[in-house]
Amino acid sequence: MTVDADPAVEPAAWRDPRKPLWPLALLVPALPFVGFALWRAGGGAWAWWLTPAVVFGLIPVVDLLLGDDRQNPPEEAVPRLAADGYYRWLTYLYLPAQYAALVLCGAVWARDSLSAAGAAGLVATVGVVDGIAMNTAHELGHKRERMERWLSKVALAPAAYGHFYVEHNRGHHVRVATPEDPASSRLGESFWAFWPRTVLGGLRSAWRLETSRFRIRGRSPWTHRNDLLNALAMTLALYAALTVLFGPVVLPFLVLQAVVGFSLLEVVNYLEHYGLARQRTAAGRYEKVDARHSWNSDRTVTNVFLFQLQRHSDHHANPLRRYQTLRSFDTSPQLPAGYATMVVVALVPPLWRRVMDHRVLAHYAGDAGRANTRPRR
C-alpha cells in the first residue's frame, strides 16, 4: 500500500512540493569551497571539517526537526514529472562541482603545509563529496540514455570505484537480500566485517559478470568496451592528470579520499538491506524483490540530498524510475532516522546492533531463521 498524494488535487494540476528544495542536493559539493574560504580567512585546520560536520551533524538535526514526507506523486502525473529536464540537470551539475572540489583540495594538499588535523579534514571533505557523488552515479547508471550511463562512470572515477557500475546494476539488483549478494549485509554482521566482504566480493563479481558478457559472444574481455576496464582507464587518466598538475605528492591524497568515498558508499549499502532476506519458493528460487526487502526512510532533508535514495524499495522494484517519482510504501521496513544519522550509527557496532537487531527480528515476527544471518550464527 502506498501513501498517495492528495486525492483532491487533479493530476494535471499537481506540482512537486519538493521542487524548490532539490537544488540543495548541490550544497555538498559546494561546501569544500566554503571550507576553503574559511581556512584562508584564518579559520585554521578545523575549517576543513565543515563538510563532514554539515553532512553528519547538521543534516541529521534538521532531519529530526522537519520529520518525514511520505507524499507520493499521482501515477497520472509521473510521465510529466519524469520528463522534466529540471531534475535531470541537477544530477548533471553535481559532476563539475565534484571535480572542481577535487582539483581545489588537491591543490591545497600539494601546495600548502597542513597540520595532521587539516590534512585529515581535507581527505574527509573530498571523500564525502565523492561518496555522495556515487549516489549521483547510482541514479545516472540505471537509466537507458547512453550519456547518463557514461556520466555515471565519470562520477565514479575520483573514488576509483568504476566496477560499481557493473556490479550494482547486474549483480546486486539480481541477488539483493540473499546470502549470495556481497552488498547485502547480514544480521549480526558489523560494518567492519562487511567492508572487506563487499569491497572484494563486489570487485570479483563485477569482473565475472563483465568477462562472461564477452565470452558468451566468443570475444575477449580485454577490450575498451569492457566497462570495468574503461572505468579504470577514467580513474587512471584523472589521477595522471592531477599528478602532472600537482606532482606525485598528490597521490596519497587521491588514494585516501578514494577510500573514504567508496567506504561511504558501502556503509550506505550496509544499512539498506541489513538482515533482510528473500525467501525461497517451492520451486527453490528466491521470491521476487518487493517492498519488504529494503530499509527505507522518509526523512525529508536526507532524501533531498540523496536524490530520494532512501525510497529504496521502489528503486529496487523499478530501477528505471527517476528519483523524483519514487514512492513511499507502507509495507517497507523503516529506519528510525535518515541515512545521514544511520551511517554514523553503523560505524559503532554495539550501538548499531542495539538499534537495528530487534527491528530485524520484529520484521520477521521474531523468527531469526527468516533473516539474512551470518553463517556461524
# chains A, B, ... in the order shown; residues from 1 in each chain; ligands from 1

$ residues_around --residues "Ala117 of chain A" --least-positions-apart "2" --cutoff "9 Å" --atoms "only C-alpha atoms" --output "MDAnalysis selection string"
chainID A and resid 45:46 48:49 114:115 119:122

$ residues_around --residues "Asn303 of chain A" --least-positions-apart "3" --cutoff "12 Å" --atoms "only C-alpha atoms" --output "PDB file with N, CA and C atoms, in the first residue's frame"
ATOM      1  N   ARG A  18       8.349  19.417  -3.447  1.00  0.00           N
ATOM      2  CA  ARG A  18       9.782  19.425  -3.100  1.00  0.00           C
ATOM      3  C   ARG A  18      10.624  20.171  -4.132  1.00  0.00           C
ATOM      4  N   LEU A  21      13.248  22.559  -3.242  1.00  0.00           N
ATOM      5  CA  LEU A  21      14.280  22.031  -2.350  1.00  0.00           C
ATOM      6  C   LEU A  21      15.368  21.263  -3.076  1.00  0.00           C
ATOM      7  N   TRP A  22      15.080  20.736  -4.272  1.00  0.00           N
ATOM      8  CA  TRP A  22      16.033  19.845  -4.919  1.00  0.00           C
ATOM      9  C   TRP A  22      17.407  20.460  -5.166  1.00  0.00           C
ATOM     10  N   LEU A  24      19.189  21.902  -3.228  1.00  0.00           N
ATOM     11  CA  LEU A  24      20.010  21.663  -2.034  1.00  0.00           C
ATOM     12  C   LEU A  24      20.915  20.457  -2.212  1.00  0.00           C
ATOM     13  N   ALA A  25      20.576  19.568  -3.153  1.00  0.00           N
ATOM     14  CA  ALA A  25      21.437  18.415  -3.417  1.00  0.00           C
ATOM     15  C   ALA A  25      22.825  18.842  -3.878  1.00  0.00           C
ATOM     16  N   ILE A  59      22.740  18.079   9.135  1.00  0.00           N
ATOM     17  CA  ILE A  59      21.629  17.456   8.395  1.00  0.00           C
ATOM     18  C   ILE A  59      20.806  16.523   9.276  1.00  0.00           C
ATOM     19  N   PRO A  60      21.401  15.654  10.110  1.00  0.00           N
ATOM     20  CA  PRO A  60      20.569  14.828  10.986  1.00  0.00           C
ATOM     21  C   PRO A  60      19.688  15.642  11.933  1.00  0.00           C
ATOM     22  N   ASP A  63      16.902  17.070   9.851  1.00  0.00           N
ATOM     23  CA  ASP A  63      16.040  15.929   9.533  1.00  0.00           C
ATOM     24  C   ASP A  63      15.071  15.634  10.670  1.00  0.00           C
ATOM     25  N   LEU A  66      12.400  18.499  10.947  1.00  0.00           N
ATOM     26  CA  LEU A  66      11.413  18.562   9.863  1.00  0.00           C
ATOM     27  C   LEU A  66      10.608  17.271   9.728  1.00  0.00           C
ATOM     28  N   GLY A  67      11.178  16.147  10.178  1.00  0.00           N
ATOM     29  CA  GLY A  67      10.435  14.895  10.144  1.00  0.00           C
ATOM     30  C   GLY A  67      10.319  14.293   8.755  1.00  0.00           C
ATOM     31  N   ASP A  68       9.239  13.530   8.550  1.00  0.00           N
ATOM     32  CA  ASP A  68       9.067  12.744   7.334  1.00  0.00           C
ATOM     33  C   ASP A  68       8.166  13.437   6.324  1.00  0.00           C
ATOM     34  N   ASP A  69       8.384  13.071   5.075  1.00  0.00           N
ATOM     35  CA  ASP A  69       7.499  13.469   3.985  1.00  0.00           C
ATOM     36  C   ASP A  69       7.182  12.203   3.187  1.00  0.00           C
ATOM     37  N   ARG A  70       5.964  11.712   3.328  1.00  0.00           N
ATOM     38  CA  ARG A  70       5.582  10.445   2.696  1.00  0.00           C
ATOM     39  C   ARG A  70       4.678  10.657   1.488  1.00  0.00           C
ATOM     40  N   ASN A 135      26.270   8.259  -5.238  1.00  0.00           N
ATOM     41  CA  ASN A 135      24.818   8.157  -5.270  1.00  0.00           C
ATOM     42  C   ASN A 135      24.270   8.800  -6.543  1.00  0.00           C
ATOM     43  N   ASN A 296      13.932   1.607   4.477  1.00  0.00           N
ATOM     44  CA  ASN A 296      13.580   2.888   3.889  1.00  0.00           C
ATOM     45  C   ASN A 296      13.540   3.974   4.961  1.00  0.00           C
ATOM     46  N   SER A 297      13.566   5.211   4.498  1.00  0.00           N
ATOM     47  CA  SER A 297      13.379   6.351   5.380  1.00  0.00           C
ATOM     48  C   SER A 297      12.737   7.472   4.586  1.00  0.00           C
ATOM     49  N   ASP A 298      11.767   8.139   5.179  1.00  0.00           N
ATOM     50  CA  ASP A 298      11.096   9.269   4.533  1.00  0.00           C
ATOM     51  C   ASP A 298      11.539  10.602   5.111  1.00  0.00           C
ATOM     52  N   ARG A 299      12.696  10.624   5.780  1.00  0.00           N
ATOM     53  CA  ARG A 299      13.207  11.885   6.290  1.00  0.00           C
ATOM     54  C   ARG A 299      13.392  12.873   5.138  1.00  0.00           C
ATOM     55  N   THR A 300      12.830  14.046   5.288  1.00  0.00           N
ATOM     56  CA  THR A 300      12.724  14.998   4.187  1.00  0.00           C
ATOM     57  C   THR A 300      14.082  15.473   3.679  1.00  0.00           C
ATOM     58  N   LEU A 306      20.089  13.156  -1.143  1.00  0.00           N
ATOM     59  CA  LEU A 306      20.473  11.881  -1.752  1.00  0.00           C
ATOM     60  C   LEU A 306      19.582  11.503  -2.926  1.00  0.00           C
ATOM     61  N   PHE A 307      18.889  12.461  -3.516  1.00  0.00           N
ATOM     62  CA  PHE A 307      18.015  12.167  -4.658  1.00  0.00           C
ATOM     63  C   PHE A 307      17.072  10.995  -4.359  1.00  0.00           C
ATOM     64  N   GLN A 308      16.502  11.022  -3.168  1.00  0.00           N
ATOM     65  CA  GLN A 308      15.491  10.060  -2.721  1.00  0.00           C
ATOM     66  C   GLN A 308      15.990   8.608  -2.708  1.00  0.00           C
ATOM     67  N   LEU A 309      17.281   8.425  -2.487  1.00  0.00           N
ATOM     68  CA  LEU A 309      17.818   7.071  -2.363  1.00  0.00           C
ATOM     69  C   LEU A 309      17.139   6.302  -1.244  1.00  0.00           C
ATOM     70  N   GLN A 310      16.651   7.024  -0.229  1.00  0.00           N
ATOM     71  CA  GLN A 310      16.046   6.359   0.930  1.00  0.00           C
ATOM     72  C   GLN A 310      14.701   5.705   0.597  1.00  0.00           C
ATOM     73  N   ARG A 311      14.118   6.041  -0.540  1.00  0.00           N
ATOM     74  CA  ARG A 311      12.934   5.308  -1.008  1.00  0.00           C
ATOM     75  C   ARG A 311      13.433   4.115  -1.820  1.00  0.00           C
ATOM     76  N   HIS A 312      14.153   3.269  -1.119  1.00  0.00           N
ATOM     77  CA  HIS A 312      14.965   2.252  -1.776  1.00  0.00           C
ATOM     78  C   HIS A 312      14.136   1.077  -2.282  1.00  0.00           C
ATOM     79  N   TYR A 323      14.384   9.535  -9.808  1.00  0.00           N
ATOM     80  CA  TYR A 323      14.338   9.785  -8.368  1.00  0.00           C
ATOM     81  C   TYR A 323      13.146  10.616  -7.931  1.00  0.00           C
ATOM     82  N   GLN A 324      12.739  11.590  -8.739  1.00  0.00           N
ATOM     83  CA  GLN A 324      11.647  12.479  -8.351  1.00  0.00           C
ATOM     84  C   GLN A 324      10.290  11.784  -8.354  1.00  0.00           C
ATOM     85  N   LEU A 326       9.973   8.401  -7.271  1.00  0.00           N
ATOM     86  CA  LEU A 326       9.990   7.250  -6.361  1.00  0.00           C
ATOM     87  C   LEU A 326       8.932   7.407  -5.276  1.00  0.00           C
ATOM     88  N   ARG A 327       8.374   6.271  -4.857  1.00  0.00           N
ATOM     89  CA  ARG A 327       7.249   6.278  -3.929  1.00  0.00           C
ATOM     90  C   ARG A 327       7.618   5.680  -2.576  1.00  0.00           C
ATOM     91  N   SER A 328       6.875   6.077  -1.582  1.00  0.00           N
ATOM     92  CA  SER A 328       6.959   5.501  -0.239  1.00  0.00           C
ATOM     93  C   SER A 328       5.886   4.424  -0.101  1.00  0.00           C
ATOM     94  N   ALA A 337      15.827   6.674  11.607  1.00  0.00           N
ATOM     95  CA  ALA A 337      16.327   8.002  11.239  1.00  0.00           C
ATOM     96  C   ALA A 337      16.766   7.957   9.785  1.00  0.00           C
ATOM     97  N   GLY A 338      17.203   9.098   9.263  1.00  0.00           N
ATOM     98  CA  GLY A 338      17.672   9.161   7.889  1.00  0.00           C
ATOM     99  C   GLY A 338      19.059   8.562   7.735  1.00  0.00           C
ATOM    100  N   TYR A 339      19.466   8.385   6.490  1.00  0.00           N
ATOM    101  CA  TYR A 339      20.779   7.773   6.212  1.00  0.00           C
ATOM    102  C   TYR A 339      21.927   8.539   6.854  1.00  0.00           C
ATOM    103  N   ALA A 340      21.858   9.876   6.878  1.00  0.00           N
ATOM    104  CA  ALA A 340      22.959  10.667   7.441  1.00  0.00           C
ATOM    105  C   ALA A 340      23.202  10.304   8.899  1.00  0.00           C
TER     106      ALA A 340
END

$ closest_residue --among "A:Ala155, A:Ala317, A:Leu351, A:Val62" --to "Pro96 of chain A" --atoms "only C-alpha atoms"
A:Ala155

$ closest_residue --among "A:Phe262, A:Trp150, A:Trp352, A:Trp89" --to "Met234 of chain A" --atoms "only C-alpha atoms"
A:Trp150

$ residues_around --residues "Leu347 of chain A" --least-positions-apart "3" --cutoff "12 Å" --atoms "only C-alpha atoms" --output "PyMOL selection string"
chain A and resi 189-195+263-264+266-268+270-271+340-344+350-353

$ write_last_selection --atoms "N, CA and C atoms" --output "PDB file, in the first residue's frame"
ATOM      1  N   GLU A 189      26.236  -9.016  11.528  1.00  0.00           N
ATOM      2  CA  GLU A 189      27.492  -8.675  10.858  1.00  0.00           C
ATOM      3  C   GLU A 189      27.782  -7.189  11.054  1.00  0.00           C
ATOM      4  N   SER A 190      28.939  -6.862  11.599  1.00  0.00           N
ATOM      5  CA  SER A 190      29.294  -5.453  11.782  1.00  0.00           C
ATOM      6  C   SER A 190      29.692  -4.845  10.447  1.00  0.00           C
ATOM      7  N   PHE A 191      29.653  -3.512  10.377  1.00  0.00           N
ATOM      8  CA  PHE A 191      30.097  -2.861   9.153  1.00  0.00           C
ATOM      9  C   PHE A 191      31.550  -3.188   8.865  1.00  0.00           C
ATOM     10  N   TRP A 192      32.372  -3.302   9.900  1.00  0.00           N
ATOM     11  CA  TRP A 192      33.800  -3.527   9.698  1.00  0.00           C
ATOM     12  C   TRP A 192      34.078  -4.933   9.171  1.00  0.00           C
ATOM     13  N   ALA A 193      33.197  -5.888   9.461  1.00  0.00           N
ATOM     14  CA  ALA A 193      33.305  -7.216   8.849  1.00  0.00           C
ATOM     15  C   ALA A 193      32.712  -7.214   7.443  1.00  0.00           C
ATOM     16  N   PHE A 194      31.686  -6.414   7.255  1.00  0.00           N
ATOM     17  CA  PHE A 194      31.028  -6.310   5.951  1.00  0.00           C
ATOM     18  C   PHE A 194      31.935  -5.639   4.925  1.00  0.00           C
ATOM     19  N   TRP A 195      32.716  -4.657   5.342  1.00  0.00           N
ATOM     20  CA  TRP A 195      33.506  -3.832   4.420  1.00  0.00           C
ATOM     21  C   TRP A 195      34.403  -4.662   3.503  1.00  0.00           C
ATOM     22  N   SER A 263      34.063   3.916   0.877  1.00  0.00           N
ATOM     23  CA  SER A 263      33.602   3.390   2.169  1.00  0.00           C
ATOM     24  C   SER A 263      32.265   4.003   2.556  1.00  0.00           C
ATOM     25  N   LEU A 264      32.071   5.277   2.216  1.00  0.00           N
ATOM     26  CA  LEU A 264      30.774   5.907   2.467  1.00  0.00           C
ATOM     27  C   LEU A 264      29.683   5.224   1.649  1.00  0.00           C
ATOM     28  N   GLU A 266      29.723   2.110   0.746  1.00  0.00           N
ATOM     29  CA  GLU A 266      29.495   0.775   1.279  1.00  0.00           C
ATOM     30  C   GLU A 266      28.787   0.792   2.629  1.00  0.00           C
ATOM     31  N   VAL A 267      28.964   1.835   3.405  1.00  0.00           N
ATOM     32  CA  VAL A 267      28.214   1.895   4.663  1.00  0.00           C
ATOM     33  C   VAL A 267      26.736   2.147   4.372  1.00  0.00           C
ATOM     34  N   VAL A 268      26.447   2.854   3.285  1.00  0.00           N
ATOM     35  CA  VAL A 268      25.055   3.010   2.867  1.00  0.00           C
ATOM     36  C   VAL A 268      24.498   1.672   2.379  1.00  0.00           C
ATOM     37  N   TYR A 270      25.437  -1.125   3.453  1.00  0.00           N
ATOM     38  CA  TYR A 270      25.303  -1.915   4.678  1.00  0.00           C
ATOM     39  C   TYR A 270      23.949  -1.697   5.334  1.00  0.00           C
ATOM     40  N   LEU A 271      23.518  -0.455   5.417  1.00  0.00           N
ATOM     41  CA  LEU A 271      22.278  -0.178   6.151  1.00  0.00           C
ATOM     42  C   LEU A 271      21.024  -0.370   5.299  1.00  0.00           C
ATOM     43  N   ALA A 340      21.858   9.876   6.878  1.00  0.00           N
ATOM     44  CA  ALA A 340      22.959  10.667   7.441  1.00  0.00           C
ATOM     45  C   ALA A 340      23.202  10.304   8.899  1.00  0.00           C
ATOM     46  N   THR A 341      22.129  10.020   9.629  1.00  0.00           N
ATOM     47  CA  THR A 341      22.256   9.600  11.027  1.00  0.00           C
ATOM     48  C   THR A 341      22.688   8.139  11.118  1.00  0.00           C
ATOM     49  N   MET A 342      22.074   7.290  10.318  1.00  0.00           N
ATOM     50  CA  MET A 342      22.316   5.853  10.429  1.00  0.00           C
ATOM     51  C   MET A 342      23.720   5.463   9.980  1.00  0.00           C
ATOM     52  N   VAL A 343      24.336   6.251   9.100  1.00  0.00           N
ATOM     53  CA  VAL A 343      25.723   5.998   8.718  1.00  0.00           C
ATOM     54  C   VAL A 343      26.623   6.081   9.947  1.00  0.00           C
ATOM     55  N   VAL A 344      26.421   7.093  10.762  1.00  0.00           N
ATOM     56  CA  VAL A 344      27.228   7.257  11.981  1.00  0.00           C
ATOM     57  C   VAL A 344      26.963   6.110  12.953  1.00  0.00           C
ATOM     58  N   PRO A 350      28.244  -1.996  18.469  1.00  0.00           N
ATOM     59  CA  PRO A 350      27.306  -2.260  19.570  1.00  0.00           C
ATOM     60  C   PRO A 350      26.064  -1.369  19.512  1.00  0.00           C
ATOM     61  N   LEU A 351      26.260  -0.099  19.143  1.00  0.00           N
ATOM     62  CA  LEU A 351      25.128   0.816  19.032  1.00  0.00           C
ATOM     63  C   LEU A 351      24.214   0.392  17.881  1.00  0.00           C
ATOM     64  N   TRP A 352      24.820   0.029  16.756  1.00  0.00           N
ATOM     65  CA  TRP A 352      24.039  -0.412  15.595  1.00  0.00           C
ATOM     66  C   TRP A 352      23.178  -1.623  15.944  1.00  0.00           C
ATOM     67  N   ARG A 353      23.762  -2.598  16.605  1.00  0.00           N
ATOM     68  CA  ARG A 353      23.005  -3.816  16.907  1.00  0.00           C
ATOM     69  C   ARG A 353      21.899  -3.534  17.922  1.00  0.00           C
TER      70      ARG A 353
END

$ atom_distance --atom1 "atom CA of Phe253 of chain A" --atom2 "atom CA of Ala183 of chain A"
26.5 Å

$ residues_around --residues "Arg370 of chain A" --least-positions-apart "3" --cutoff "10 Å" --atoms "only C-alpha atoms" --output "JSON, numbers by chain"
{"A": [275, 276, 277, 278, 279, 360, 361, 363, 364, 365, 366, 367, 373]}

$ write_last_selection --atoms "all heavy atoms" --output "short mmCIF file (atom, residue, chain, number, x, y, z; two decimals), in the first residue's frame"
data_model
loop_
_atom_site.label_atom_id
_atom_site.label_comp_id
_atom_site.auth_asym_id
_atom_site.auth_seq_id
_atom_site.Cartn_x
_atom_site.Cartn_y
_atom_site.Cartn_z
N GLY A 275 20.13 -7.52 7.30
CA GLY A 275 19.36 -8.63 7.86
C GLY A 275 18.14 -9.04 7.06
O GLY A 275 17.48 -10.04 7.40
N LEU A 276 17.80 -8.33 5.99
CA LEU A 276 16.60 -8.63 5.23
C LEU A 276 16.88 -9.74 4.22
O LEU A 276 17.94 -9.79 3.61
CB LEU A 276 16.09 -7.39 4.52
CG LEU A 276 15.74 -6.20 5.44
CD1 LEU A 276 15.27 -5.01 4.62
CD2 LEU A 276 14.68 -6.60 6.47
N ALA A 277 15.90 -10.63 4.04
CA ALA A 277 16.12 -11.80 3.20
C ALA A 277 14.90 -12.12 2.35
O ALA A 277 13.77 -12.03 2.82
CB ALA A 277 16.47 -13.02 4.06
N ARG A 278 15.17 -12.48 1.12
CA ARG A 278 14.13 -13.03 0.25
C ARG A 278 14.04 -14.54 0.52
O ARG A 278 15.07 -15.22 0.58
CB ARG A 278 14.46 -12.77 -1.21
CG ARG A 278 14.33 -11.32 -1.60
CD ARG A 278 15.24 -10.95 -2.77
NE ARG A 278 14.95 -11.73 -3.95
CZ ARG A 278 15.77 -11.82 -5.00
NH1 ARG A 278 16.94 -11.19 -4.98
NH2 ARG A 278 15.45 -12.55 -6.05
N GLN A 279 12.85 -15.03 0.69
CA GLN A 279 12.65 -16.44 1.00
C GLN A 279 12.63 -17.26 -0.29
O GLN A 279 12.34 -16.75 -1.37
CB GLN A 279 11.33 -16.63 1.76
CG GLN A 279 11.18 -15.72 2.97
CD GLN A 279 12.33 -15.83 3.96
OE1 GLN A 279 12.70 -16.94 4.37
NE2 GLN A 279 12.89 -14.68 4.36
N VAL A 360 14.98 -5.95 12.98
CA VAL A 360 15.01 -7.05 12.02
C VAL A 360 14.16 -8.21 12.52
O VAL A 360 13.34 -8.77 11.78
CB VAL A 360 16.46 -7.53 11.77
CG1 VAL A 360 16.48 -8.74 10.85
CG2 VAL A 360 17.31 -6.41 11.18
N LEU A 361 14.32 -8.55 13.79
CA LEU A 361 13.55 -9.66 14.36
C LEU A 361 12.06 -9.35 14.36
O LEU A 361 11.23 -10.22 14.07
CB LEU A 361 14.04 -9.96 15.77
CG LEU A 361 15.46 -10.53 15.86
CD1 LEU A 361 15.90 -10.67 17.31
CD2 LEU A 361 15.56 -11.86 15.15
N HIS A 363 10.54 -7.51 12.24
CA HIS A 363 10.11 -7.60 10.84
C HIS A 363 9.76 -9.04 10.46
O HIS A 363 8.88 -9.27 9.62
CB HIS A 363 11.23 -7.08 9.94
CG HIS A 363 10.89 -7.01 8.49
ND1 HIS A 363 9.88 -6.22 7.99
CD2 HIS A 363 11.44 -7.65 7.41
CE1 HIS A 363 9.82 -6.35 6.67
NE2 HIS A 363 10.74 -7.21 6.30
N TYR A 364 10.44 -10.00 11.10
CA TYR A 364 10.19 -11.41 10.83
C TYR A 364 9.46 -12.10 11.98
O TYR A 364 9.57 -13.31 12.16
CB TYR A 364 11.51 -12.12 10.52
CG TYR A 364 12.09 -11.67 9.21
CD1 TYR A 364 13.26 -10.92 9.16
CD2 TYR A 364 11.45 -11.96 8.01
CE1 TYR A 364 13.79 -10.47 7.96
CE2 TYR A 364 11.98 -11.52 6.80
CZ TYR A 364 13.13 -10.78 6.78
OH TYR A 364 13.64 -10.33 5.58
N ALA A 365 8.71 -11.30 12.75
CA ALA A 365 7.89 -11.82 13.85
C ALA A 365 8.69 -12.70 14.80
O ALA A 365 8.21 -13.72 15.30
CB ALA A 365 6.70 -12.61 13.28
N GLY A 366 9.94 -12.30 15.04
CA GLY A 366 10.78 -13.00 16.00
C GLY A 366 11.50 -14.21 15.45
O GLY A 366 12.26 -14.86 16.18
N ASP A 367 11.31 -14.54 14.18
CA ASP A 367 11.93 -15.73 13.59
C ASP A 367 13.23 -15.35 12.89
O ASP A 367 13.23 -14.93 11.73
CB ASP A 367 10.95 -16.37 12.60
CG ASP A 367 11.48 -17.68 12.01
OD1 ASP A 367 12.59 -18.10 12.40
OD2 ASP A 367 10.77 -18.28 11.18
N THR A 373 21.29 -14.02 7.82
CA THR A 373 22.07 -14.08 9.05
C THR A 373 23.49 -14.55 8.77
O THR A 373 23.72 -15.33 7.83
CB THR A 373 21.41 -15.06 10.05
OG1 THR A 373 20.03 -14.75 10.14
CG2 THR A 373 22.05 -14.97 11.42
#

$ closest_residue --among "A:Val166, A:Ala82, A:Leu245, A:Leu58" --to "Ala206 of chain A" --atoms "only C-alpha atoms"
A:Val166

$ select_by_dssp --residues "segment 35-166 of chain A" --states "alpha helix (DSSP H)" --output "PyMOL selection string"
chain A and resi 35-38+50-53+59-66+78-83+85-111+116-141+146-156+164-166

$ closest_residue --among "A:Pro179, A:Ser205, A:Leu95, A:Leu200" --to "Leu151 of chain A" --atoms "only C-alpha atoms"
A:Leu95

$ residues_around --residues "Glu180 of chain A" --least-positions-apart "4" --cutoff "12 Å" --atoms "only C-alpha atoms" --output "PyMOL selection string"
chain A and resi 171-176+184-186+197-198+201-202+205+277-278+286+372-375

$ closest_residue --among "A:Thr235, A:Asn72, A:Ser294, A:Thr302" --to "Val55 of chain A" --atoms "only C-alpha atoms"
A:Thr302

$ closest_residue --among "A:Leu31, A:Ala160, A:Ala97, A:Ala116" --to "Leu229 of chain A" --atoms "only C-alpha atoms"
A:Ala160

$ select_by_dssp --residues "segment 107-300 of chain A" --states "strand (DSSP E or B)" --output "list of chain:residue names"
A:Leu187, A:Arg280, A:Tyr286, A:Asn296, A:Arg299

$ write_last_selection --atoms "all heavy atoms" --output "PDB file, in the first residue's frame"
ATOM      1  N   LEU A 187      22.370 -10.060   9.387  1.00  0.00           N
ATOM      2  CA  LEU A 187      22.059  -9.845  10.797  1.00  0.00           C
ATOM      3  C   LEU A 187      23.227 -10.310  11.659  1.00  0.00           C
ATOM      4  O   LEU A 187      23.691 -11.448  11.527  1.00  0.00           O
ATOM      5  CB  LEU A 187      20.788 -10.618  11.170  1.00  0.00           C
ATOM      6  CG  LEU A 187      20.334 -10.534  12.628  1.00  0.00           C
ATOM      7  CD1 LEU A 187      19.956  -9.106  12.999  1.00  0.00           C
ATOM      8  CD2 LEU A 187      19.162 -11.483  12.868  1.00  0.00           C
ATOM      9  N   ARG A 280      12.930 -18.528  -0.155  1.00  0.00           N
ATOM     10  CA  ARG A 280      12.884 -19.428  -1.317  1.00  0.00           C
ATOM     11  C   ARG A 280      11.456 -19.915  -1.547  1.00  0.00           C
ATOM     12  O   ARG A 280      10.725 -20.194  -0.601  1.00  0.00           O
ATOM     13  CB  ARG A 280      13.820 -20.606  -1.121  1.00  0.00           C
ATOM     14  CG  ARG A 280      15.304 -20.215  -1.193  1.00  0.00           C
ATOM     15  CD  ARG A 280      16.168 -21.420  -1.441  1.00  0.00           C
ATOM     16  NE  ARG A 280      17.583 -21.086  -1.486  1.00  0.00           N
ATOM     17  CZ  ARG A 280      18.249 -20.785  -2.602  1.00  0.00           C
ATOM     18  NH1 ARG A 280      17.603 -20.749  -3.763  1.00  0.00           N
ATOM     19  NH2 ARG A 280      19.533 -20.517  -2.565  1.00  0.00           N
ATOM     20  N   TYR A 286      14.495 -17.805  -5.347  1.00  0.00           N
ATOM     21  CA  TYR A 286      14.191 -16.716  -4.427  1.00  0.00           C
ATOM     22  C   TYR A 286      12.940 -15.983  -4.896  1.00  0.00           C
ATOM     23  O   TYR A 286      12.712 -15.805  -6.099  1.00  0.00           O
ATOM     24  CB  TYR A 286      15.359 -15.732  -4.345  1.00  0.00           C
ATOM     25  CG  TYR A 286      16.543 -16.272  -3.581  1.00  0.00           C
ATOM     26  CD1 TYR A 286      17.738 -16.563  -4.236  1.00  0.00           C
ATOM     27  CD2 TYR A 286      16.463 -16.487  -2.208  1.00  0.00           C
ATOM     28  CE1 TYR A 286      18.828 -17.058  -3.539  1.00  0.00           C
ATOM     29  CE2 TYR A 286      17.558 -16.988  -1.504  1.00  0.00           C
ATOM     30  CZ  TYR A 286      18.728 -17.274  -2.172  1.00  0.00           C
ATOM     31  OH  TYR A 286      19.793 -17.773  -1.471  1.00  0.00           O
ATOM     32  N   ASN A 296      13.932   1.607   4.477  1.00  0.00           N
ATOM     33  CA  ASN A 296      13.580   2.888   3.889  1.00  0.00           C
ATOM     34  C   ASN A 296      13.540   3.974   4.961  1.00  0.00           C
ATOM     35  O   ASN A 296      13.473   3.694   6.157  1.00  0.00           O
ATOM     36  CB  ASN A 296      12.209   2.796   3.218  1.00  0.00           C
ATOM     37  CG  ASN A 296      12.251   2.005   1.927  1.00  0.00           C
ATOM     38  OD1 ASN A 296      12.138   2.545   0.846  1.00  0.00           O
ATOM     39  ND2 ASN A 296      12.432   0.694   2.034  1.00  0.00           N
ATOM     40  N   ARG A 299      12.696  10.624   5.780  1.00  0.00           N
ATOM     41  CA  ARG A 299      13.207  11.885   6.290  1.00  0.00           C
ATOM     42  C   ARG A 299      13.392  12.873   5.138  1.00  0.00           C
ATOM     43  O   ARG A 299      14.052  12.577   4.132  1.00  0.00           O
ATOM     44  CB  ARG A 299      14.540  11.679   6.998  1.00  0.00           C
ATOM     45  CG  ARG A 299      14.444  10.851   8.270  1.00  0.00           C
ATOM     46  CD  ARG A 299      13.664  11.564   9.356  1.00  0.00           C
ATOM     47  NE  ARG A 299      13.840  10.907  10.643  1.00  0.00           N
ATOM     48  CZ  ARG A 299      13.027  11.024  11.666  1.00  0.00           C
ATOM     49  NH1 ARG A 299      11.967  11.805  11.574  1.00  0.00           N
ATOM     50  NH2 ARG A 299      13.270  10.405  12.800  1.00  0.00           N
TER      51      ARG A 299
END

$ residues_around --residues "Arg322 of chain A" --least-positions-apart "6" --cutoff "9 Å" --atoms "only C-alpha atoms" --output "NGL selection string"
:A and (81-82 or 87-88 or 139 or 142-143 or 315)
